[in-house]
Protein chains: 2
Amino acid sequence: MHKIQIKQAWTEVERCQHCAIRHLVLFSDLQRKDFELIHKPIDEIEYKLGDVIYKQNETMQFVYTIRSGLVKLVQSLPGGRPRIVRILGQGDLLGIESLNNQQTKHMAISLDKVDLCRIPHSVITSLQYNSPRLHKSLIVRWQKTLAMADFWITQISSGKIKCRVARLLLLLDKKSEGENFLMPTREDIGLMLGITTESVSKTTAEFKRQQWLMISKDNRATLDVKALEQLCSD
Amino acid sequence: MHKIQIKQAWTEVERCQHCAIRHLVLFSDLQRKDFELIHKPIDEIEYKLGDVIYKQNETMQFVYTIRSGLVKLVQSLPGGRPRIVRILGQGDLLGIESLNNQQTKHMAISLDKVDLCRIPHSVITSLQYNSPRLHKSLIVRWQKTLAMADFWITQISSGKIKCRVARLLLLLDKKSEGENFLMPTREDIGLMLGITTESVSKTTAEFKRQQWLMISKDNRATLDVKALEQLCSD
DNA sequence: CGCGCAATTGAGTTATATCAAATACGGTGG
DNA sequence: CCACCGTATTTGATATAACTCAATTGCGCG
């Protein structure tokens, strides 16, 4: 976990204004005068595979936006094994539930090398009183998050295992910004789908035999997208 | 479906300010000067069991808050049976995805007699530029909706059927403001849990034999909450 | 009373979980 | 570079939960 802090306000503004993925992140629609309201440092932080970004039931003073990489949100509830409830990727917002002094509802763990912007709550709250554009940004993000939650329920948590594994792989592919993705452990895939690791393994092994899923030496996955889409199209 | 329109602006303000469940709905924190920004009529609409409040893939000029009753959100996707992705109750926000000219992502259908406030988009957008309190209200609601989505994934869509049925019944009970609730059809419960109607029926029949679930002549359910909570507590 | 729909029940099938073993793999130290 | 270890993955045999299909019962309503 490597941290780059940008201390001077003007530098942050510069950075955010010229951020290559600005159109994807929280501050997409902000204008110069909005940026001038940012008085606290926004850090850029790198995580490597398996790093814990935050734990469940913590209070935080930050939210995060993802610059690159994938992050899993794990929820552990009394009387049930943990379950991965969402995968977040570029532009997604992380830890939003910690606003308003709430505790975090998940443990967030990186699924690969991950690059985040760490934004103090105070930046959000001071902006939200002054920037209708941030407000709109937040609503758009809300809509996207809910759409993902719905997808997780209808496509990832229901149906035949073969279909669910296929859909999940396609989702990981889509969320990986065109690059191939680091294959999650069979156990993690099981926690996403709500099935056992053995069932996952049997399915992915079959996919590999069919050449629908190819895994390189460094554990990166490439898909036969057409074939996998076909698999459950009816 | 019966509509009560409050035409004069001052009357609306009066109504919202004195609304009995104001602390639960979108405008909970609004103050007098916020209300003065409302220039469009907010209608109060009643629906009966099975009424369609809106359909999927529509554009709407309204969002709704629920004054009383329960509403199911059904999502139908190509290549899959429909699935109920959420149940909304008192204070919950309905059709939020229709803001920003998006299409609705679900069909919303009442599960009982339902009372809604219908709020024109313009009320939200004009307030959001002027009322940080509405903004905060929306974020709180976002957090609640996501918590429900997570619950749906971890508790309603995973695990043994007996547990899932029990958890769903307990949820319906909790969302019913202390009153007993109208028992949904076995088919609807199946669409919530992602299982077949027969499996639901076998489970609820068993619960009735155990007296953990009692259904009155008019199809209202009362639970042995303790027993059902016990059922899957480990 | 009987029609129509929803709910229940039962028998047989299938998908997935469970349990146990074997194999592959990545990293470490020699 | 190789041998070894621990962990992850794959595979197989069996048990079980849930689905499917079909029949029956119950219930509200005309």
# chains A, B, ... in the order shown; residues from 1 in each chain; ligands from 1
>>> closest_atom_pairs(of="chain A", to="chain C", cutoff="10 Å", atoms="only C-alpha atoms (C1' of nucleotides)", output="tab-separated table")
residue	atom	partner	partner_atom	distance
A:Lys160	CA	C:DA15	C1'	8.3
A:Ile161	CA	C:DT16	C1'	8.7
A:Ile195	CA	C:DT16	C1'	8.4
A:Thr196	CA	C:DA17	C1'	7.4
A:Glu198	CA	C:DA17	C1'	8.9
A:Ser199	CA	C:DT16	C1'	7.4
>>> write_last_selection(atoms="all heavy atoms", output="PDB file, in the first residue's frame")
ATOM      1  N   LYS A 160     -28.893 -21.553 -12.995  1.00  0.00           N
ATOM      2  CA  LYS A 160     -27.981 -22.678 -13.041  1.00  0.00           C
ATOM      3  C   LYS A 160     -26.545 -22.193 -12.852  1.00  0.00           C
ATOM      4  O   LYS A 160     -26.174 -21.126 -13.327  1.00  0.00           O
ATOM      5  CB  LYS A 160     -28.094 -23.404 -14.404  1.00  0.00           C
ATOM      6  CG  LYS A 160     -29.428 -24.092 -14.626  1.00  0.00           C
ATOM      7  CD  LYS A 160     -29.566 -25.338 -13.772  1.00  0.00           C
ATOM      8  CE  LYS A 160     -31.008 -25.801 -13.614  1.00  0.00           C
ATOM      9  NZ  LYS A 160     -31.663 -26.165 -14.876  1.00  0.00           N
ATOM     10  N   ILE A 161     -25.749 -23.027 -12.219  1.00  0.00           N
ATOM     11  CA  ILE A 161     -24.377 -22.646 -11.891  1.00  0.00           C
ATOM     12  C   ILE A 161     -23.557 -22.291 -13.133  1.00  0.00           C
ATOM     13  O   ILE A 161     -22.832 -21.284 -13.149  1.00  0.00           O
ATOM     14  CB  ILE A 161     -23.691 -23.775 -11.091  1.00  0.00           C
ATOM     15  CG1 ILE A 161     -24.189 -23.738  -9.649  1.00  0.00           C
ATOM     16  CG2 ILE A 161     -22.184 -23.641 -11.139  1.00  0.00           C
ATOM     17  CD1 ILE A 161     -23.456 -24.629  -8.706  1.00  0.00           C
ATOM     18  N   ILE A 195     -22.184 -20.339  -3.892  1.00  0.00           N
ATOM     19  CA  ILE A 195     -22.072 -21.784  -4.100  1.00  0.00           C
ATOM     20  C   ILE A 195     -20.722 -22.273  -3.569  1.00  0.00           C
ATOM     21  O   ILE A 195     -19.891 -21.473  -3.151  1.00  0.00           O
ATOM     22  CB  ILE A 195     -22.227 -22.145  -5.594  1.00  0.00           C
ATOM     23  CG1 ILE A 195     -21.071 -21.549  -6.401  1.00  0.00           C
ATOM     24  CG2 ILE A 195     -23.557 -21.679  -6.126  1.00  0.00           C
ATOM     25  CD1 ILE A 195     -21.116 -21.873  -7.874  1.00  0.00           C
ATOM     26  N   THR A 196     -20.506 -23.583  -3.602  1.00  0.00           N
ATOM     27  CA  THR A 196     -19.276 -24.116  -3.026  1.00  0.00           C
ATOM     28  C   THR A 196     -18.103 -23.969  -3.998  1.00  0.00           C
ATOM     29  O   THR A 196     -18.288 -23.873  -5.211  1.00  0.00           O
ATOM     30  CB  THR A 196     -19.430 -25.612  -2.701  1.00  0.00           C
ATOM     31  OG1 THR A 196     -19.722 -26.314  -3.906  1.00  0.00           O
ATOM     32  CG2 THR A 196     -20.532 -25.837  -1.696  1.00  0.00           C
ATOM     33  N   GLU A 198     -15.972 -26.229  -4.769  1.00  0.00           N
ATOM     34  CA  GLU A 198     -15.894 -27.402  -5.646  1.00  0.00           C
ATOM     35  C   GLU A 198     -16.776 -27.225  -6.885  1.00  0.00           C
ATOM     36  O   GLU A 198     -16.354 -27.547  -7.999  1.00  0.00           O
ATOM     37  CB  GLU A 198     -16.325 -28.670  -4.902  1.00  0.00           C
ATOM     38  CG  GLU A 198     -15.398 -29.119  -3.797  1.00  0.00           C
ATOM     39  CD  GLU A 198     -15.852 -28.596  -2.445  1.00  0.00           C
ATOM     40  OE1 GLU A 198     -16.414 -27.486  -2.412  1.00  0.00           O
ATOM     41  OE2 GLU A 198     -15.636 -29.295  -1.437  1.00  0.00           O
ATOM     42  N   SER A 199     -17.964 -26.721  -6.686  1.00  0.00           N
ATOM     43  CA  SER A 199     -18.864 -26.504  -7.830  1.00  0.00           C
ATOM     44  C   SER A 199     -18.256 -25.487  -8.796  1.00  0.00           C
ATOM     45  O   SER A 199     -18.342 -25.653 -10.014  1.00  0.00           O
ATOM     46  CB  SER A 199     -20.226 -26.000  -7.351  1.00  0.00           C
ATOM     47  OG  SER A 199     -20.885 -27.007  -6.621  1.00  0.00           O
TER      48      SER A 199
END
>>> residues_around(residues="Cys117 in chain B", least_positions_apart="5", cutoff="7 Å", atoms="only C-alpha atoms (C1' of nucleotides)", output="mmCIF file with C-alpha atoms, in the first residue's frame")
data_model
loop_
_atom_site.group_PDB
_atom_site.id
_atom_site.type_symbol
_atom_site.label_atom_id
_atom_site.label_comp_id
_atom_site.auth_asym_id
_atom_site.auth_seq_id
_atom_site.Cartn_x
_atom_site.Cartn_y
_atom_site.Cartn_z
ATOM 1 C CA ILE B 42 -47.641 16.778 -4.984
ATOM 2 C CA ASP B 43 -50.465 14.278 -5.362
ATOM 3 C CA GLU B 44 -51.436 11.629 -2.909
ATOM 4 C CA ILE B 45 -52.453 8.413 -4.650
ATOM 5 C CA TYR B 64 -42.937 8.403 -5.267
ATOM 6 C CA THR B 65 -42.592 8.019 -1.541
ATOM 7 C CA ILE B 66 -44.584 5.360 0.246
ATOM 8 C CA ARG B 67 -46.911 6.617 2.961
#
>>> atom_distance(atom1="CA of Lys175 in chain A", atom2="CA of Glu97 in chain A")
22.0 Å
>>> select_by_dssp(residues="range 52-217 of chain A", states="alpha helix (DSSP H)", output="JSON, numbers by chain")
{"A": [121, 122, 123, 124, 125, 126, 127, 128, 132, 133, 134, 135, 136, 137, 138, 139, 140, 141, 142, 143, 144, 145, 146, 147, 148, 149, 150, 151, 161, 162, 163, 164, 165, 166, 167, 168, 169, 170, 171, 172, 173, 174, 175, 186, 187, 188, 189, 190, 191, 192, 193, 197, 198, 199, 200, 201, 202, 203, 204, 205, 206, 207, 208, 209]}
>>> interface_residues(of="chain B", to="chain A", cutoff="6 Å", atoms="only C-alpha atoms", output="ChimeraX atom specification")
/B:79,97,129,132,143,233-234
>>> closest_residue(among="B:Ser122, B:Gln17, B:Asn101, B:Thr197", to="DT20 in chain D", atoms="only C-alpha atoms (C1' of nucleotides)")
B:Thr197
>>> closest_atom_pairs(of="chain D", to="chain A", cutoff="9 Å", atoms="only C-alpha atoms (C1' of nucleotides)", output="tab-separated table")
residue	atom	partner	partner_atom	distance
D:DA8	C1'	A:Thr185	CA	8.0
D:DT9	C1'	A:Ser201	CA	6.9
D:DT10	C1'	A:Ser201	CA	6.9
D:DT11	C1'	A:Lys202	CA	8.2
>>> write_last_selection(atoms="all heavy atoms", output="compact mmCIF listing (two decimals), in the first residue's frame")
# COMPACT_ATOMS: atom_id res chain seq x y z
P DA D 8 -4.99 -21.41 -0.16
OP1 DA D 8 -5.28 -19.96 -0.12
OP2 DA D 8 -5.73 -22.36 0.69
O5' DA D 8 -5.12 -21.89 -1.67
C5' DA D 8 -4.39 -21.20 -2.68
C4' DA D 8 -4.71 -21.85 -4.02
O4' DA D 8 -4.23 -23.22 -4.00
C3' DA D 8 -6.20 -21.91 -4.34
O3' DA D 8 -6.35 -21.50 -5.69
C2' DA D 8 -6.58 -23.36 -4.09
C1' DA D 8 -5.27 -24.10 -4.35
N9 DA D 8 -5.08 -25.31 -3.53
C8 DA D 8 -5.21 -25.44 -2.19
N7 DA D 8 -4.95 -26.64 -1.73
C5 DA D 8 -4.62 -27.36 -2.87
C6 DA D 8 -4.25 -28.70 -3.07
N6 DA D 8 -4.14 -29.59 -2.09
N1 DA D 8 -3.99 -29.09 -4.33
C2 DA D 8 -4.10 -28.19 -5.32
N3 DA D 8 -4.44 -26.91 -5.26
C4 DA D 8 -4.69 -26.55 -3.99
P DT D 9 -7.77 -21.57 -6.42
OP1 DT D 9 -7.75 -20.52 -7.45
OP2 DT D 9 -8.82 -21.64 -5.41
O5' DT D 9 -7.73 -22.97 -7.17
C5' DT D 9 -6.70 -23.23 -8.10
C4' DT D 9 -6.84 -24.64 -8.60
O4' DT D 9 -6.64 -25.55 -7.50
C3' DT D 9 -8.22 -24.98 -9.18
O3' DT D 9 -8.03 -25.25 -10.56
C2' DT D 9 -8.70 -26.18 -8.36
C1' DT D 9 -7.40 -26.70 -7.75
N1 DT D 9 -7.51 -27.44 -6.45
C2 DT D 9 -7.13 -28.77 -6.41
O2 DT D 9 -6.73 -29.38 -7.38
N3 DT D 9 -7.24 -29.36 -5.17
C4 DT D 9 -7.67 -28.76 -3.99
O4 DT D 9 -7.71 -29.39 -2.96
C5 DT D 9 -8.04 -27.36 -4.11
C7 DT D 9 -8.52 -26.63 -2.91
C6 DT D 9 -7.94 -26.77 -5.32
P DT D 10 -9.28 -25.52 -11.54
OP1 DT D 10 -8.88 -25.12 -12.91
OP2 DT D 10 -10.50 -24.99 -10.92
O5' DT D 10 -9.35 -27.11 -11.51
C5' DT D 10 -8.20 -27.85 -11.89
C4' DT D 10 -8.41 -29.31 -11.52
O4' DT D 10 -8.50 -29.44 -10.10
C3' DT D 10 -9.68 -29.94 -12.09
O3' DT D 10 -9.27 -30.93 -13.01
C2' DT D 10 -10.39 -30.52 -10.86
C1' DT D 10 -9.29 -30.58 -9.83
N1 DT D 10 -9.67 -30.49 -8.40
C2 DT D 10 -9.42 -31.56 -7.56
O2 DT D 10 -8.91 -32.59 -7.93
N3 DT D 10 -9.79 -31.35 -6.24
C4 DT D 10 -10.36 -30.21 -5.71
O4 DT D 10 -10.64 -30.15 -4.52
C5 DT D 10 -10.61 -29.13 -6.65
C7 DT D 10 -11.22 -27.86 -6.17
C6 DT D 10 -10.25 -29.32 -7.93
P DT D 11 -10.34 -31.63 -14.01
OP1 DT D 11 -9.60 -32.11 -15.20
OP2 DT D 11 -11.51 -30.74 -14.15
O5' DT D 11 -10.79 -32.90 -13.17
C5' DT D 11 -9.79 -33.81 -12.68
C4' DT D 11 -10.41 -34.78 -11.70
O4' DT D 11 -10.62 -34.12 -10.44
C3' DT D 11 -11.77 -35.35 -12.11
O3' DT D 11 -11.58 -36.70 -12.48
C2' DT D 11 -12.64 -35.18 -10.86
C1' DT D 11 -11.63 -34.84 -9.78
N1 DT D 11 -12.10 -33.98 -8.67
C2 DT D 11 -12.01 -34.45 -7.37
O2 DT D 11 -11.57 -35.54 -7.07
N3 DT D 11 -12.46 -33.57 -6.41
C4 DT D 11 -12.99 -32.31 -6.61
O4 DT D 11 -13.36 -31.61 -5.68
C5 DT D 11 -13.07 -31.89 -8.00
C7 DT D 11 -13.62 -30.55 -8.33
C6 DT D 11 -12.62 -32.73 -8.94
>>> atom_distance(atom1="CA of Gly190 in chain B", atom2="CA of Ala108 in chain B")
17.0 Å
>>> atom_distance(atom1="CA of Asp173 in chain B", atom2="CA of Leu191 in chain A")
28.5 Å
>>> select_by_dssp(residues="range 39-132 of chain A", states="strand (DSSP E)", output="PyMOL selection string")
chain A and resi 43-47+52-54+62-68+71-75+83-88+93-94+107-110+114-120
>>> write_last_selection(atoms="N, CA, C and O atoms", output="short mmCIF file (atom, residue, chain, number, x, y, z; two decimals), in the first residue's frame")
data_model
loop_
_atom_site.label_atom_id
_atom_site.label_comp_id
_atom_site.auth_asym_id
_atom_site.auth_seq_id
_atom_site.Cartn_x
_atom_site.Cartn_y
_atom_site.Cartn_z
N ASP A 43 -5.72 12.12 -1.30
CA ASP A 43 -4.57 11.26 -1.52
C ASP A 43 -4.85 10.24 -2.60
O ASP A 43 -5.99 9.83 -2.81
N GLU A 44 -3.79 9.85 -3.26
CA GLU A 44 -3.90 8.77 -4.24
C GLU A 44 -3.17 7.58 -3.62
O GLU A 44 -2.02 7.69 -3.21
N ILE A 45 -3.85 6.45 -3.50
CA ILE A 45 -3.27 5.32 -2.79
C ILE A 45 -3.30 4.07 -3.66
O ILE A 45 -4.28 3.79 -4.35
N GLU A 46 -2.20 3.34 -3.62
CA GLU A 46 -2.11 2.09 -4.38
C GLU A 46 -2.21 0.89 -3.45
O GLU A 46 -1.58 0.88 -2.39
N TYR A 47 -2.96 -0.10 -3.85
CA TYR A 47 -3.04 -1.35 -3.10
C TYR A 47 -2.64 -2.49 -4.03
O TYR A 47 -2.82 -2.42 -5.24
N VAL A 52 -6.44 -5.17 2.38
CA VAL A 52 -7.72 -4.74 2.95
C VAL A 52 -7.78 -3.22 2.91
O VAL A 52 -6.95 -2.55 3.54
N ILE A 53 -8.74 -2.67 2.20
CA ILE A 53 -8.87 -1.22 2.10
C ILE A 53 -9.57 -0.67 3.34
O ILE A 53 -9.17 0.33 3.90
N TYR A 54 -10.65 -1.35 3.73
CA TYR A 54 -11.23 -1.08 5.06
C TYR A 54 -11.98 -2.31 5.51
O TYR A 54 -12.28 -3.20 4.72
N PHE A 62 -13.23 8.89 5.33
CA PHE A 62 -12.97 9.00 3.91
C PHE A 62 -13.97 8.21 3.08
O PHE A 62 -14.57 7.26 3.56
N VAL A 63 -14.14 8.61 1.85
CA VAL A 63 -14.68 7.71 0.84
C VAL A 63 -13.60 7.59 -0.24
O VAL A 63 -12.63 8.35 -0.22
N TYR A 64 -13.76 6.64 -1.13
CA TYR A 64 -12.75 6.40 -2.15
C TYR A 64 -13.40 6.33 -3.53
O TYR A 64 -14.53 5.87 -3.66
N THR A 65 -12.70 6.77 -4.54
CA THR A 65 -13.11 6.43 -5.90
C THR A 65 -12.00 5.58 -6.51
O THR A 65 -10.83 5.75 -6.20
N ILE A 66 -12.41 4.67 -7.35
CA ILE A 66 -11.46 3.74 -7.94
C ILE A 66 -10.92 4.31 -9.24
O ILE A 66 -11.69 4.62 -10.16
N ARG A 67 -9.61 4.48 -9.30
CA ARG A 67 -8.98 4.95 -10.53
C ARG A 67 -8.71 3.78 -11.47
O ARG A 67 -8.92 3.87 -12.68
N SER A 68 -8.27 2.67 -10.89
CA SER A 68 -8.12 1.46 -11.70
C SER A 68 -8.10 0.23 -10.79
O SER A 68 -7.79 0.33 -9.61
N VAL A 71 -12.31 -4.22 -6.92
CA VAL A 71 -12.40 -4.37 -5.47
C VAL A 71 -13.63 -5.21 -5.14
O VAL A 71 -14.68 -5.04 -5.75
N LYS A 72 -13.49 -6.15 -4.19
CA LYS A 72 -14.64 -6.93 -3.74
C LYS A 72 -15.15 -6.38 -2.43
O LYS A 72 -14.37 -5.97 -1.57
N LEU A 73 -16.47 -6.38 -2.26
CA LEU A 73 -17.10 -5.99 -1.01
C LEU A 73 -17.64 -7.24 -0.34
O LEU A 73 -18.55 -7.88 -0.86
N VAL A 74 -17.07 -7.59 0.80
CA VAL A 74 -17.47 -8.80 1.52
C VAL A 74 -18.31 -8.43 2.72
O VAL A 74 -17.91 -7.58 3.52
N GLN A 75 -19.46 -9.05 2.83
CA GLN A 75 -20.30 -8.81 4.01
C GLN A 75 -20.40 -10.08 4.82
O GLN A 75 -20.81 -11.13 4.32
N ARG A 83 -20.39 -13.31 2.35
CA ARG A 83 -20.81 -13.30 0.97
C ARG A 83 -20.25 -12.04 0.31
O ARG A 83 -20.24 -10.98 0.93
N ILE A 84 -19.77 -12.19 -0.92
CA ILE A 84 -19.32 -11.02 -1.67
C ILE A 84 -20.54 -10.42 -2.35
O ILE A 84 -21.20 -11.09 -3.14
N VAL A 85 -20.88 -9.18 -2.01
CA VAL A 85 -22.14 -8.61 -2.47
C VAL A 85 -22.02 -7.71 -3.70
O VAL A 85 -23.02 -7.35 -4.30
N ARG A 86 -20.79 -7.37 -4.06
CA ARG A 86 -20.60 -6.51 -5.21
C ARG A 86 -19.15 -6.52 -5.62
O ARG A 86 -18.26 -6.78 -4.81
N ILE A 87 -18.91 -6.22 -6.88
CA ILE A 87 -17.56 -5.96 -7.37
C ILE A 87 -17.55 -4.53 -7.90
O ILE A 87 -18.43 -4.16 -8.66
N LEU A 88 -16.57 -3.75 -7.48
CA LEU A 88 -16.49 -2.37 -7.94
C LEU A 88 -15.28 -2.18 -8.83
O LEU A 88 -14.24 -2.81 -8.63
N LEU A 93 -17.58 4.21 -6.52
CA LEU A 93 -17.42 4.87 -5.24
C LEU A 93 -17.39 3.82 -4.14
O LEU A 93 -18.18 2.88 -4.15
N LEU A 94 -16.49 4.00 -3.20
CA LEU A 94 -16.21 2.97 -2.20
C LEU A 94 -16.39 3.58 -0.81
O LEU A 94 -15.84 4.62 -0.52
N MET A 107 -16.33 -5.41 4.25
CA MET A 107 -14.87 -5.35 4.16
C MET A 107 -14.55 -5.19 2.68
O MET A 107 -15.11 -5.90 1.84
N ALA A 108 -13.66 -4.24 2.36
CA ALA A 108 -13.29 -3.99 0.97
C ALA A 108 -11.89 -4.52 0.74
O ALA A 108 -10.95 -4.12 1.46
N ILE A 109 -11.73 -5.41 -0.22
CA ILE A 109 -10.43 -6.03 -0.50
C ILE A 109 -10.14 -5.97 -1.99
O ILE A 109 -11.02 -6.22 -2.81
N SER A 110 -8.90 -5.62 -2.31
CA SER A 110 -8.53 -5.48 -3.71
C SER A 110 -8.40 -6.86 -4.38
O SER A 110 -7.92 -7.82 -3.77
N VAL A 114 -4.66 -2.08 -7.31
CA VAL A 114 -5.76 -1.12 -7.31
C VAL A 114 -5.24 0.26 -6.97
O VAL A 114 -4.38 0.43 -6.11
N ASP A 115 -5.79 1.22 -7.67
CA ASP A 115 -5.43 2.63 -7.51
C ASP A 115 -6.65 3.41 -7.05
O ASP A 115 -7.66 3.43 -7.74
N LEU A 116 -6.56 4.05 -5.90
CA LEU A 116 -7.72 4.78 -5.39
C LEU A 116 -7.41 6.25 -5.15
O LEU A 116 -6.26 6.61 -4.88
N CYS A 117 -8.47 7.08 -5.22
CA CYS A 117 -8.38 8.42 -4.67
C CYS A 117 -9.11 8.42 -3.34
O CYS A 117 -10.27 7.99 -3.27
N ARG A 118 -8.44 8.87 -2.30
CA ARG A 118 -9.05 8.90 -0.98
C ARG A 118 -9.54 10.30 -0.68
O ARG A 118 -8.75 11.24 -0.61
N ILE A 119 -10.85 10.42 -0.50
CA ILE A 119 -11.46 11.75 -0.38
C ILE A 119 -12.03 11.94 1.02
O ILE A 119 -12.91 11.18 1.44
N PRO A 120 -11.56 12.93 1.76
CA PRO A 120 -12.12 13.18 3.11
C PRO A 120 -13.61 13.49 3.04
O PRO A 120 -14.06 14.17 2.10
#
>>> residues_around(residues="Asp218 in chain B", least_positions_apart="6", cutoff="12 Å", atoms="only C-alpha atoms (C1' of nucleotides)", output="list of chain:residue names")
B:Asp112, B:Asn180, B:Phe181, B:Leu182, B:Met183, D:DC27, D:DG28
>>> write_last_selection(atoms="N, CA, C and O atoms (P, O5', C5', C4', C3', O3' and C1' of nucleotides)", output="mmCIF file, in the first residue's frame")
data_model
loop_
_atom_site.group_PDB
_atom_site.id
_atom_site.type_symbol
_atom_site.label_atom_id
_atom_site.label_comp_id
_atom_site.auth_asym_id
_atom_site.auth_seq_id
_atom_site.Cartn_x
_atom_site.Cartn_y
_atom_site.Cartn_z
ATOM 1 N N ASP B 112 -50.553 -4.776 -1.455
ATOM 2 C CA ASP B 112 -51.640 -4.556 -0.503
ATOM 3 C C ASP B 112 -52.234 -3.205 -0.877
ATOM 4 O O ASP B 112 -51.877 -2.646 -1.904
ATOM 5 N N ASN B 180 -50.073 -6.805 11.006
ATOM 6 C CA ASN B 180 -49.873 -8.055 10.269
ATOM 7 C C ASN B 180 -49.935 -7.744 8.776
ATOM 8 O O ASN B 180 -50.469 -6.722 8.362
ATOM 9 N N PHE B 181 -49.353 -8.617 7.971
ATOM 10 C CA PHE B 181 -49.240 -8.291 6.552
ATOM 11 C C PHE B 181 -50.051 -9.254 5.685
ATOM 12 O O PHE B 181 -50.348 -10.375 6.094
ATOM 13 N N LEU B 182 -50.400 -8.761 4.522
ATOM 14 C CA LEU B 182 -51.122 -9.584 3.559
ATOM 15 C C LEU B 182 -50.156 -10.624 3.000
ATOM 16 O O LEU B 182 -49.114 -10.278 2.457
ATOM 17 N N MET B 183 -50.502 -11.888 3.156
ATOM 18 C CA MET B 183 -49.600 -12.956 2.704
ATOM 19 C C MET B 183 -49.478 -12.902 1.185
ATOM 20 O O MET B 183 -50.471 -12.971 0.472
ATOM 21 P P DC D 27 -59.655 -24.198 3.119
ATOM 22 O "O5'" DC D 27 -60.009 -23.045 2.094
ATOM 23 C "C5'" DC D 27 -58.944 -22.392 1.390
ATOM 24 C "C4'" DC D 27 -59.560 -21.456 0.382
ATOM 25 C "C3'" DC D 27 -60.851 -20.800 0.871
ATOM 26 O "O3'" DC D 27 -60.705 -19.400 0.799
ATOM 27 C "C1'" DC D 27 -61.124 -21.712 -1.305
ATOM 28 P P DG D 28 -61.765 -18.440 1.433
ATOM 29 O "O5'" DG D 28 -62.122 -17.585 0.138
ATOM 30 C "C5'" DG D 28 -61.063 -17.018 -0.626
ATOM 31 C "C4'" DG D 28 -61.629 -16.500 -1.931
ATOM 32 C "C3'" DG D 28 -62.825 -15.563 -1.770
ATOM 33 O "O3'" DG D 28 -62.713 -14.561 -2.764
ATOM 34 C "C1'" DG D 28 -63.469 -17.475 -3.024
#
>>> closest_residue(among="A:Cys16, A:Lys174, A:Leu223, A:Gln56", to="Asp34 in chain A", atoms="only C-alpha atoms")
A:Cys16
